[in-house]
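Below: target-v7.cif (mmCIF, C-alpha atoms and all ligand atoms)
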data_query
#
loop_
_atom_site.label_atom_id
_atom_site.label_comp_id
_atom_site.auth_asym_id
_atom_site.auth_seq_id
_atom_site.Cartn_x
_atom_site.Cartn_y
_atom_site.Cartn_z
CA MET M 19 37.52 86.60 61.34
CA LEU M 20 36.99 88.02 64.80
CA ARG M 21 38.78 91.14 65.98
CA ARG M 22 42.28 90.57 67.31
CA LEU M 23 43.02 91.82 70.80
CA SER M 24 46.01 94.08 71.35
CA SER M 25 48.80 92.93 73.65
CA ARG M 26 47.54 95.37 76.28
CA GLN M 27 44.02 93.88 76.09
CA LEU M 28 45.47 90.38 76.39
CA ILE M 29 47.39 91.31 79.54
CA VAL M 30 44.26 92.74 81.16
CA LEU M 31 42.33 89.58 80.33
CA TYR M 32 44.36 87.40 82.64
CA ASP M 33 44.91 88.19 86.30
CA GLU M 34 46.96 85.51 88.01
CA SER M 35 46.51 87.08 91.45
CA LYS M 36 42.80 86.15 91.27
CA GLU M 37 43.76 82.51 90.75
CA LYS M 38 46.14 82.59 93.72
CA MET M 39 43.79 84.29 96.15
CA PRO M 40 43.95 83.07 99.75
CA LEU M 41 41.17 80.57 100.42
CA PRO M 42 38.81 82.68 102.61
CA GLN M 43 39.03 85.54 100.12
CA ARG M 44 38.41 83.15 97.24
CA ALA M 45 35.31 81.74 98.91
CA GLU M 46 33.89 85.21 99.53
CA TRP M 47 34.70 86.32 95.98
CA LEU M 48 32.90 83.28 94.53
CA ASN M 49 29.88 83.48 96.83
CA GLN M 50 29.40 87.14 96.06
CA ARG M 51 29.48 86.52 92.32
CA LEU M 52 27.25 83.47 92.70
CA ARG M 53 24.55 85.52 94.46
CA LYS M 54 24.67 88.12 91.70
CA GLN M 55 24.65 85.47 88.96
CA LEU M 56 21.65 83.65 90.41
CA ARG M 57 19.64 86.87 90.61
CA PHE M 58 20.53 87.51 86.97
CA ALA M 59 19.67 83.96 85.85
CA TYR M 60 16.37 84.01 87.75
CA SER M 61 15.21 87.20 86.12
CA HIS M 62 16.51 86.54 82.59
CA ALA M 63 16.09 82.80 81.96
CA PRO M 64 12.49 81.54 82.46
CA ALA M 65 13.62 77.93 82.90
CA VAL M 66 15.93 78.94 85.75
CA LYS M 67 13.07 80.82 87.41
CA LYS M 68 10.92 77.68 87.12
CA LYS M 69 13.67 75.57 88.62
CA PHE M 70 13.90 77.82 91.69
CA ASP M 71 10.12 78.14 92.00
CA HIS M 72 9.50 74.38 91.72
CA ALA M 73 12.09 73.76 94.42
CA GLY M 74 10.44 76.44 96.57
CA VAL M 75 13.74 78.30 96.84
CA SER M 76 14.23 82.03 96.40
CA PRO M 77 17.48 83.19 94.75
CA ARG M 78 18.03 85.26 97.91
CA ALA M 79 18.14 82.03 99.94
CA ILE M 80 21.32 80.91 98.20
CA ARG M 81 24.09 82.73 100.06
CA GLY M 82 26.99 80.55 98.98
CA ILE M 83 28.14 77.42 97.17
CA GLY M 84 26.96 75.13 100.00
CA ASP M 85 23.38 76.37 99.59
CA LEU M 86 23.30 75.25 95.94
CA GLU M 87 22.41 71.79 97.26
CA ARG M 88 18.88 73.10 97.79
CA LEU M 89 18.39 73.20 94.01
CA PRO M 90 17.99 70.10 91.83
CA VAL M 91 20.61 69.19 89.26
CA THR M 92 19.56 69.70 85.63
CA THR M 93 20.82 66.60 83.84
CA LYS M 94 21.77 66.34 80.21
CA ASP M 95 18.53 64.41 79.64
CA ASP M 96 16.58 67.22 81.32
CA LEU M 97 18.29 69.67 78.97
CA VAL M 98 17.22 67.61 75.93
CA LYS M 99 13.65 67.54 77.25
CA LEU M 100 13.59 71.27 78.05
CA GLN M 101 14.85 72.07 74.57
CA GLN M 102 12.35 69.75 72.92
CA ALA M 103 9.43 71.22 74.87
CA ASP M 104 10.49 74.81 74.23
CA PRO M 105 12.90 74.98 71.29
CA PRO M 106 15.57 75.93 70.73
CA PHE M 107 17.02 76.65 74.20
CA GLY M 108 14.31 75.47 76.60
CA GLY M 109 13.93 78.82 78.33
CA LEU M 110 17.59 78.94 79.36
CA LEU M 111 18.78 81.64 76.97
CA ALA M 112 19.12 85.09 78.57
CA VAL M 113 19.65 87.09 75.36
CA PRO M 114 17.83 87.39 72.02
CA LEU M 115 18.58 84.40 69.78
CA ASN M 116 20.04 86.49 66.97
CA SER M 117 22.52 88.18 69.29
CA LEU M 118 24.40 84.89 69.63
CA GLY M 119 27.66 84.70 67.71
CA ARG M 120 27.44 80.94 67.25
CA ILE M 121 24.86 78.24 67.78
CA TYR M 122 26.33 74.76 67.77
CA VAL M 123 24.49 71.45 67.61
CA SER M 124 25.83 68.52 69.57
CA PRO M 125 24.53 64.93 69.61
CA GLY M 126 21.25 64.55 71.50
CA PRO M 127 20.48 66.72 69.56
CA ILE M 128 21.26 69.61 71.87
CA TYR M 129 21.53 73.24 70.79
CA ASP M 130 24.54 74.93 72.35
CA ALA M 131 24.45 78.70 72.84
CA TRP M 132 27.94 80.17 72.64
CA GLY M 133 28.37 83.84 73.33
CA ALA M 134 31.55 85.86 72.94
CA GLU M 135 32.26 85.20 76.65
CA ARG M 136 33.23 81.61 75.82
CA VAL M 137 35.74 82.78 73.27
CA THR M 138 37.17 85.22 75.81
CA ALA M 139 37.49 82.37 78.32
CA ALA M 140 39.44 80.29 75.81
CA VAL M 141 41.75 83.21 75.01
CA ARG M 142 42.32 83.74 78.74
CA GLY M 143 43.30 80.07 78.89
CA PHE M 144 45.91 80.59 76.15
CA VAL M 145 47.37 83.59 77.98
CA ARG M 146 47.42 81.60 81.22
CA MET M 147 49.27 78.76 79.53
CA GLY M 148 51.62 81.06 77.61
CA VAL M 149 50.93 79.18 74.38
CA PRO M 150 49.94 79.60 71.65
CA LYS M 151 51.08 83.18 71.24
CA PRO M 152 50.04 85.87 68.76
CA GLY M 153 51.84 85.05 65.52
CA ASP M 154 51.75 81.28 66.00
CA ILE M 155 50.65 79.20 63.02
CA VAL M 156 48.06 76.73 64.23
CA MET M 157 46.69 73.76 62.31
CA VAL M 158 43.18 73.05 63.62
CA SER M 159 42.55 69.37 62.92
CA THR M 160 39.12 68.79 64.32
CA ALA M 161 35.50 68.87 63.11
CA TYR M 162 34.16 72.16 61.75
CA HIS M 163 30.50 71.30 61.34
CA MET M 164 27.74 71.41 63.95
CA VAL M 165 29.86 70.82 67.08
CA PRO M 166 31.86 73.52 68.89
CA ALA M 167 35.29 72.11 68.09
CA GLY M 168 37.14 73.50 65.09
CA LEU M 169 35.23 76.72 64.59
CA PHE M 170 35.28 77.62 68.27
CA MET M 171 39.04 77.12 68.49
CA THR M 172 39.45 79.16 65.32
CA ASP M 173 37.42 81.98 66.88
CA ALA M 174 39.65 82.02 69.95
CA LEU M 175 42.86 81.81 67.92
CA ASP M 176 41.65 84.71 65.73
CA VAL M 177 41.12 86.87 68.78
CA LEU M 178 44.55 85.93 70.10
CA GLY M 179 46.15 86.85 66.77
CA CYS M 180 47.26 83.47 65.43
CA THR M 181 47.28 82.30 61.82
CA VAL M 182 44.84 79.40 61.51
CA VAL M 183 44.92 76.50 59.06
CA PRO M 184 41.43 74.94 59.24
CA ALA M 185 42.47 71.39 58.38
CA GLY M 186 39.52 69.45 59.81
CA ILE M 187 39.65 65.68 60.23
CA GLY M 188 41.08 63.06 57.88
CA GLN M 189 43.56 63.19 54.96
CA THR M 190 46.40 62.47 57.35
CA GLU M 191 49.16 62.60 54.72
CA LEU M 192 47.99 66.01 53.56
CA GLN M 193 47.92 67.20 57.17
CA VAL M 194 51.56 66.12 57.54
CA LYS M 195 52.47 68.07 54.40
CA ILE M 196 50.62 71.17 55.68
CA LEU M 197 52.35 70.92 59.04
CA HIS M 198 55.71 70.73 57.32
CA ASP M 199 55.24 73.25 54.48
CA LEU M 200 53.59 75.95 56.60
CA LYS M 201 55.96 75.41 59.53
CA ALA M 202 52.96 75.19 61.84
CA THR M 203 53.83 75.73 65.50
CA ALA M 204 50.78 74.03 66.99
CA ILE M 205 48.19 71.33 66.30
CA PHE M 206 44.75 71.67 67.87
CA SER M 207 43.01 68.32 67.77
CA PHE M 208 41.95 65.34 69.80
CA PRO M 209 45.15 63.81 71.22
CA SER M 210 44.62 60.51 69.41
CA PHE M 211 44.34 62.24 66.02
CA THR M 212 47.39 64.38 66.75
CA MET M 213 49.22 61.15 67.50
CA THR M 214 47.96 59.63 64.23
CA ILE M 215 49.36 62.64 62.33
CA LEU M 216 52.74 62.46 64.10
CA LYS M 217 53.01 58.71 63.49
CA LYS M 218 52.16 59.21 59.82
CA ALA M 219 54.86 61.89 59.57
CA GLU M 220 57.41 59.44 60.96
CA GLU M 221 56.25 56.77 58.49
CA MET M 222 56.84 59.32 55.73
CA GLY M 223 60.42 59.67 56.90
CA TYR M 224 60.20 62.88 58.91
CA ASP M 225 61.82 63.49 62.27
CA ILE M 226 59.29 65.59 64.22
CA LYS M 227 61.84 67.55 66.25
CA ARG M 228 64.21 68.15 63.32
CA ASP M 229 61.85 68.69 60.38
CA PHE M 230 58.91 70.45 61.99
CA ASN M 231 58.41 73.68 63.87
CA LEU M 232 55.86 72.15 66.24
CA LYS M 233 55.81 73.34 69.87
CA PHE M 234 52.33 72.90 71.26
CA THR M 235 49.33 70.64 71.12
CA THR M 236 46.03 70.27 72.95
CA GLY M 237 44.47 67.54 75.03
CA GLY M 238 40.85 67.28 76.03
CA GLY M 239 37.93 65.33 74.68
CA GLU M 240 39.55 62.03 75.54
CA ARG M 241 40.34 60.32 78.79
CA HIS M 242 43.69 58.85 77.86
CA ILE M 243 45.42 62.19 77.50
CA GLN M 244 47.49 61.21 80.55
CA ILE M 245 49.09 58.41 78.55
CA LEU M 246 49.59 60.49 75.41
CA ARG M 247 50.72 63.57 77.26
CA LYS M 248 53.96 61.89 78.31
CA VAL M 249 54.67 60.81 74.74
CA PHE M 250 53.97 64.31 73.39
CA GLU M 251 56.24 65.85 76.02
CA ASP M 252 59.06 63.34 76.24
CA LYS M 253 59.33 62.06 72.69
CA TYR M 254 58.32 65.11 70.69
CA GLY M 255 59.17 67.93 73.11
CA LEU M 256 55.69 69.45 72.87
CA LEU M 257 53.86 71.50 75.46
CA VAL M 258 50.40 70.07 76.07
CA GLY M 259 47.45 72.29 76.97
CA ASP M 260 44.72 70.36 78.65
CA GLY M 261 41.39 71.01 80.32
CA TYR M 262 37.90 69.80 80.97
CA ALA M 263 35.16 71.02 78.64
CA THR M 264 31.81 69.94 77.24
CA ALA M 265 29.79 71.26 74.32
CA ASP M 266 27.08 72.55 76.67
CA ILE M 267 29.21 74.60 79.02
CA GLY M 268 32.55 75.14 77.27
CA ALA M 269 35.91 74.85 79.04
CA VAL M 270 35.40 75.03 82.81
CA ALA M 271 38.58 73.55 84.28
CA TYR M 272 42.21 73.57 83.20
CA ASP M 273 45.55 71.94 83.80
CA CYS M 274 47.97 74.57 85.12
CA GLY M 275 50.80 72.83 83.28
CA LEU M 276 51.94 70.70 86.21
CA GLY M 277 49.67 67.74 85.44
CA GLN M 278 48.05 67.89 88.90
CA GLY M 279 44.46 67.69 87.68
CA TYR M 280 42.12 70.36 86.36
CA HIS M 281 41.75 73.56 88.40
CA TYR M 282 38.20 74.85 88.50
CA ASP M 283 38.04 77.96 86.32
CA ASP M 284 36.66 80.39 88.91
CA GLN M 285 36.36 83.16 86.37
CA GLU M 286 33.82 81.14 84.41
CA CYS M 287 31.88 79.00 86.80
CA ILE M 288 31.21 77.27 90.10
CA ILE M 289 31.97 73.56 90.06
CA GLU M 290 30.51 71.08 92.53
CA ILE M 291 31.18 67.36 92.66
CA VAL M 292 27.94 65.79 93.88
CA ASP M 293 26.41 62.44 94.68
CA PRO M 294 24.36 61.70 91.52
CA GLN M 295 21.56 60.18 93.60
CA THR M 296 21.12 62.88 96.23
CA GLY M 297 22.66 65.98 94.60
CA LYS M 298 24.67 66.57 97.80
CA GLN M 299 28.27 67.76 97.54
CA VAL M 300 30.78 64.99 98.22
CA ARG M 301 34.06 65.27 100.14
CA PRO M 302 37.50 65.45 98.51
CA LEU M 303 38.53 62.28 96.67
CA GLU M 304 35.01 60.85 96.82
CA GLU M 305 33.36 60.04 93.53
CA GLY M 306 30.60 62.24 92.20
CA GLU M 307 29.15 63.98 89.18
CA ILE M 308 30.66 67.23 87.89
CA VAL M 309 27.93 69.86 88.27
CA VAL M 310 28.47 73.34 86.88
CA THR M 311 26.87 76.74 87.44
CA LEU M 312 28.05 79.19 84.80
CA PHE M 313 28.82 82.86 85.39
CA SER M 314 27.16 83.58 82.05
CA LYS M 315 25.09 86.51 80.90
CA VAL M 316 24.10 84.51 77.80
CA TYR M 317 23.30 80.94 78.78
CA PRO M 318 23.12 80.98 82.58
CA LEU M 319 22.93 77.29 83.40
CA VAL M 320 22.46 76.66 87.11
CA ARG M 321 23.58 73.31 88.55
CA PHE M 322 24.01 71.63 85.18
CA GLY M 323 24.96 67.96 85.56
CA THR M 324 27.58 67.08 82.97
CA GLY M 325 27.11 63.33 83.37
CA ASP M 326 30.86 62.99 83.96
CA LEU M 327 31.98 61.20 87.10
CA ALA M 328 35.04 62.55 88.88
CA SER M 329 36.60 63.34 92.21
CA TYR M 330 38.33 66.50 93.41
CA THR M 331 41.09 67.62 95.70
CA ASP M 332 41.60 70.85 97.60
CA GLU M 333 45.21 70.05 98.52
CA PRO M 334 47.53 72.96 97.59
CA CYS M 335 48.94 72.79 94.05
CA PRO M 336 52.64 73.60 93.53
CA CYS M 337 51.57 76.29 91.02
CA GLY M 338 50.09 78.34 93.88
CA ARG M 339 46.56 78.46 92.51
CA THR M 340 43.94 77.96 95.17
CA ALA M 341 41.03 76.62 93.14
CA PRO M 342 40.35 72.91 93.82
CA ARG M 343 41.16 70.45 91.08
CA ILE M 344 39.22 67.70 89.37
CA THR M 345 41.64 64.84 89.96
CA ARG M 346 40.45 62.34 87.45
CA ILE M 347 37.49 61.81 85.15
CA LEU M 348 36.25 58.38 86.13
CA GLY M 349 33.64 57.75 83.46
CA MET M 350 30.08 58.72 82.78
CA ILE M 351 26.87 58.26 84.66
CA GLY M 352 23.52 57.42 83.19
CA GLU M 353 22.73 57.20 79.59
CA HIS M 354 25.67 58.71 77.81
CA VAL M 355 29.15 57.68 76.87
CA ARG M 356 31.98 59.63 75.33
CA VAL M 357 33.94 57.67 72.74
CA LYS M 358 36.45 58.82 70.12
CA GLY M 359 35.72 62.38 71.22
CA MET M 360 32.00 62.01 70.43
CA PHE M 361 29.20 62.11 72.95
CA VAL M 362 26.81 59.21 72.29
CA HIS M 363 23.39 58.82 73.87
CA MET M 364 22.09 55.30 74.51
CA LYS M 365 18.86 56.27 72.77
CA GLU M 366 20.86 56.94 69.61
CA VAL M 367 22.45 53.50 69.82
CA ASP M 368 18.99 51.94 70.24
CA GLU M 369 17.66 53.99 67.37
CA ALA M 370 20.48 52.89 65.07
CA PHE M 371 19.85 49.20 65.76
CA SER M 372 16.05 49.51 65.63
CA LYS M 373 16.39 49.64 61.83
CA LEU M 374 18.64 46.58 61.70
CA PRO M 375 16.27 43.67 62.42
CA GLU M 376 18.93 41.10 61.45
CA VAL M 377 20.77 42.04 64.65
CA LEU M 378 18.83 40.24 67.37
CA LYS M 379 20.83 41.57 70.35
CA TYR M 380 23.80 43.87 70.38
CA GLN M 381 26.53 45.06 72.69
CA LEU M 382 29.16 47.73 72.11
CA VAL M 383 32.42 47.00 73.90
CA LEU M 384 34.69 50.01 74.33
CA LYS M 385 38.39 49.28 74.74
CA LEU M 386 41.60 51.20 74.76
CA ASP M 387 44.11 50.08 72.13
CA GLY M 388 47.28 51.96 73.00
CA HIS M 389 46.05 55.53 72.82
CA LYS M 390 42.94 54.96 70.73
CA ASP M 391 39.36 54.14 71.60
CA GLN M 392 38.26 50.92 69.90
CA ILE M 393 34.63 49.89 69.43
CA THR M 394 33.80 46.21 69.08
CA LEU M 395 30.23 45.27 68.28
CA ASN M 396 28.98 41.93 69.54
CA ALA M 397 25.97 41.15 67.36
CA GLU M 398 23.72 38.15 67.79
CA THR M 399 22.28 37.00 64.45
CA GLU M 400 20.54 33.99 62.95
CA PRO M 401 22.84 31.52 61.17
CA GLY M 402 23.40 32.13 57.46
CA VAL M 403 23.15 35.90 57.56
CA ASP M 404 25.24 37.72 54.92
CA ARG M 405 27.89 39.10 57.26
CA LYS M 406 29.56 41.34 54.72
CA SER M 407 26.47 43.24 53.68
CA LEU M 408 25.17 43.35 57.25
CA SER M 409 28.52 44.81 58.42
CA GLN M 410 28.19 47.52 55.80
CA ALA M 411 24.61 48.24 56.80
CA ILE M 412 25.58 48.44 60.49
CA ASN M 413 28.40 50.87 59.87
CA GLN M 414 26.32 53.02 57.55
CA ARG M 415 23.47 53.16 60.05
CA CYS M 416 25.72 53.90 63.06
CA GLN M 417 27.51 56.60 61.14
CA GLU M 418 24.19 58.18 60.18
CA VAL M 419 22.77 58.17 63.69
CA PHE M 420 25.76 58.78 65.99
CA LYS M 421 28.64 59.45 63.59
CA LEU M 422 30.83 56.48 64.53
CA ARG M 423 31.89 53.26 62.82
CA MET M 424 32.63 49.93 64.50
CA ASP M 425 36.29 48.90 64.50
CA THR M 426 35.40 45.22 64.82
CA ILE M 427 32.15 43.34 64.42
CA GLU M 428 31.83 39.94 66.07
CA PHE M 429 28.86 37.88 64.88
CA LEU M 430 27.53 35.62 67.61
CA PRO M 431 24.90 32.88 67.51
CA ARG M 432 21.55 33.63 69.18
CA GLY M 433 21.69 33.23 72.95
CA THR M 434 25.40 33.99 73.38
CA LEU M 435 24.95 37.23 75.28
CA PRO M 436 23.78 36.63 78.84
CA LEU M 437 20.23 37.46 79.90
CA GLU M 438 21.41 40.49 81.88
CA PHE M 439 24.00 42.38 79.85
CA LYS M 440 25.13 45.95 79.33
CA LYS M 441 24.42 47.30 75.85
CA VAL M 442 27.53 49.40 76.18
CA LEU M 443 30.39 47.80 78.07
CA ASP M 444 33.07 50.36 78.79
CA THR M 445 36.35 48.67 79.73
CA ARG M 446 38.58 51.70 79.16
CA TRP M 447 39.14 52.76 82.76
CA THR M 448 38.95 49.51 84.62
ZN ZN M 501 48.20 74.07 89.64
#

Would you write out, as structure tokens, the structure that this file holds?
Amino acid sequence: MLRRLSSRQLIVLYDESKEKMPLPQRAEWLNQRLRKQLRFAYSHAPAVKKKFDHAGVSPRAIRGIGDLERLPVTTKDDLVKLQQADPPFGGLLAVPLNSLGRIYVSPGPIYDAWGAERVTAAVRGFVRMGVPKPGDIVMVSTAYHMVPAGLFMTDALDVLGCTVVPAGIGQTELQVKILHDLKATAIFSFPSFTMTILKKAEEMGYDIKRDFNLKFTTGGGERHIQILRKVFEDKYGLLVGDGYATADIGAVAYDCGLGQGYHYDDQECIIEIVDPQTGKQVRPLEEGEIVVTLFSKVYPLVRFGTGDLASYTDEPCPCGRTAPRITRILGMIGEHVRVKGMFVHMKEVDEAFSKLPEVLKYQLVLKLDGHKDQITLNAETEPGVDRKSLSQAINQRCQEVFKLRMDTIEFLPRGTLPLEFKKVLDTRWT
């Protein structure tokens, strides 16, 4: 268990006046810190130095956020390659390996370096939101192995001074019992699993508002939080904390509670929305990739391309914060897709099916069923194939390689899929 912060330390952690700085002051504050951060990254992370040197740019030449365009974007694929060529962190780590509190592994595989600064950022987010509070009983219903989900949240809740129930995923009925018996005040999970737990509780005869002590839940990890958020708020009276985060960079943008998009977290990073082809910053409400430069003394990523497509607005927010907001996550670019909270690389999909020769051609169709992601596999096979045993083999293989099962498998005769087809057809945001 990590050391709890005192109430005085918690107050110091969060300074709202910084978030409501007038725009010119904000720009100067960010540019100043960016210059300092880039000098640090250049001298402490060999891969960052290489990136500057290859581009023929000196850290001194970057005076502000606009100048970042002179540097290339490091994509998620680049990160995989860097890490493979120079394991484990590809020359991006600025501290000795054994000084890291946690090393997570996310699909790719990608090693994720998480210093204490990430935990502090999450705690600051709790203080900003006002929930959970020290003394809250929080059921953490998300994965605890490899990925920075359950354990990371537990770390942050420890520091805040909450009581954590590390429930993990699955065993929904038991989770309902825990929630009830321990009078938990919050669930931390993917929104769709939280919804599954609440629905199960109702099936078991409970009234959430009457029989539970639940006040708060989290969003994130899934696109359809906007749909679920209303249900959590209106039907169950829950506060919903939401933000934008990835395993590589942590939480970098947050919802101020007004549902107006995700404010850039200026304490933690610089966010740019850029044209994925040119790397140039786009204008408000234009589509582009979310690119992040971290203010990190541990893992100082510079212009890291998340692969998420979004747009932003700099219109004033009623909350008074001046940081721009990511308005909407529009999908993913390139070779990745996020489904059921998991990040899946196309190469992993190919790898899974490379060992299933009975499947001649395949296509994953992603749909939204109410609040849940659904995966349908269209599989072309020869006639007479044993569908039952092949279905089992497919699910076993997919689970092994990218940790997901198919919800539906449609067997199609050879030649059904068109000549030109997408191996992953994402229909969730169209
Ligand atoms: Zn706001």

Item to check | Residues within 10 Å of M:Met424, only C-alpha atoms, excluding chain neighbours under 5 positions, as a PyMOL selection string | outcome: chain M and resi 382-383+392-395+409+412-414+416-417

Suppose we keep C-alpha atoms; can you now write the selection as a PDB file, in the frame of the given file?
ATOM      1  CA  LEU M 382      29.160  47.730  72.110  1.00  0.00           C
ATOM      2  CA  VAL M 383      32.420  47.000  73.900  1.00  0.00           C
ATOM      3  CA  GLN M 392      38.260  50.920  69.900  1.00  0.00           C
ATOM      4  CA  ILE M 393      34.630  49.890  69.430  1.00  0.00           C
ATOM      5  CA  THR M 394      33.800  46.210  69.080  1.00  0.00           C
ATOM      6  CA  LEU M 395      30.230  45.270  68.280  1.00  0.00           C
ATOM      7  CA  SER M 409      28.520  44.810  58.420  1.00  0.00           C
ATOM      8  CA  ILE M 412      25.580  48.440  60.490  1.00  0.00           C
ATOM      9  CA  ASN M 413      28.400  50.870  59.870  1.00  0.00           C
ATOM     10  CA  GLN M 414      26.320  53.020  57.550  1.00  0.00           C
ATOM     11  CA  CYS M 416      25.720  53.900  63.060  1.00  0.00           C
ATOM     12  CA  GLN M 417      27.510  56.600  61.140  1.00  0.00           C
TER      13      GLN M 417
END

Checklist entry - Quick one: residues within 10 Å of M:Ile267, only C-alpha atoms counted, chain neighbours fewer than 2 positions away excluded, as a list of chain:residue names? => result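 Contacts, with the query itself left out: M:Asp130, M:Ala131, M:Trp132, M:Arg136, M:Ala263, M:Thr264, M:Ala265, M:Ala269, M:Val270, M:Glu286, M:Cys287, M:Val310, M:Thr311, M:Leu312, M:Ser314, M:Tyr317, M:Pro318, M:Leu319, M:Phe322, M:Thr324.
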
Checklist entry - Within 10 Å of (16.4, 72.9, 72.9), in the coordinates the file gives, what residues turn up when you count all atoms listed in the file, written out as a PyMOL selection string? => result chain M and resi 97-111+123+126-131

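Pairwise distance (atom CA of M:Val419, atom CA of M:Glu369) equals 7.6 Å.
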
Checklist entry - Which value, in Å to one decimal, gives the distance between atom CA of M:Met171 and atom CA of M:Val137? => result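 Pair atom CA of M:Met171 / atom CA of M:Val137 returns 8.1 Å.
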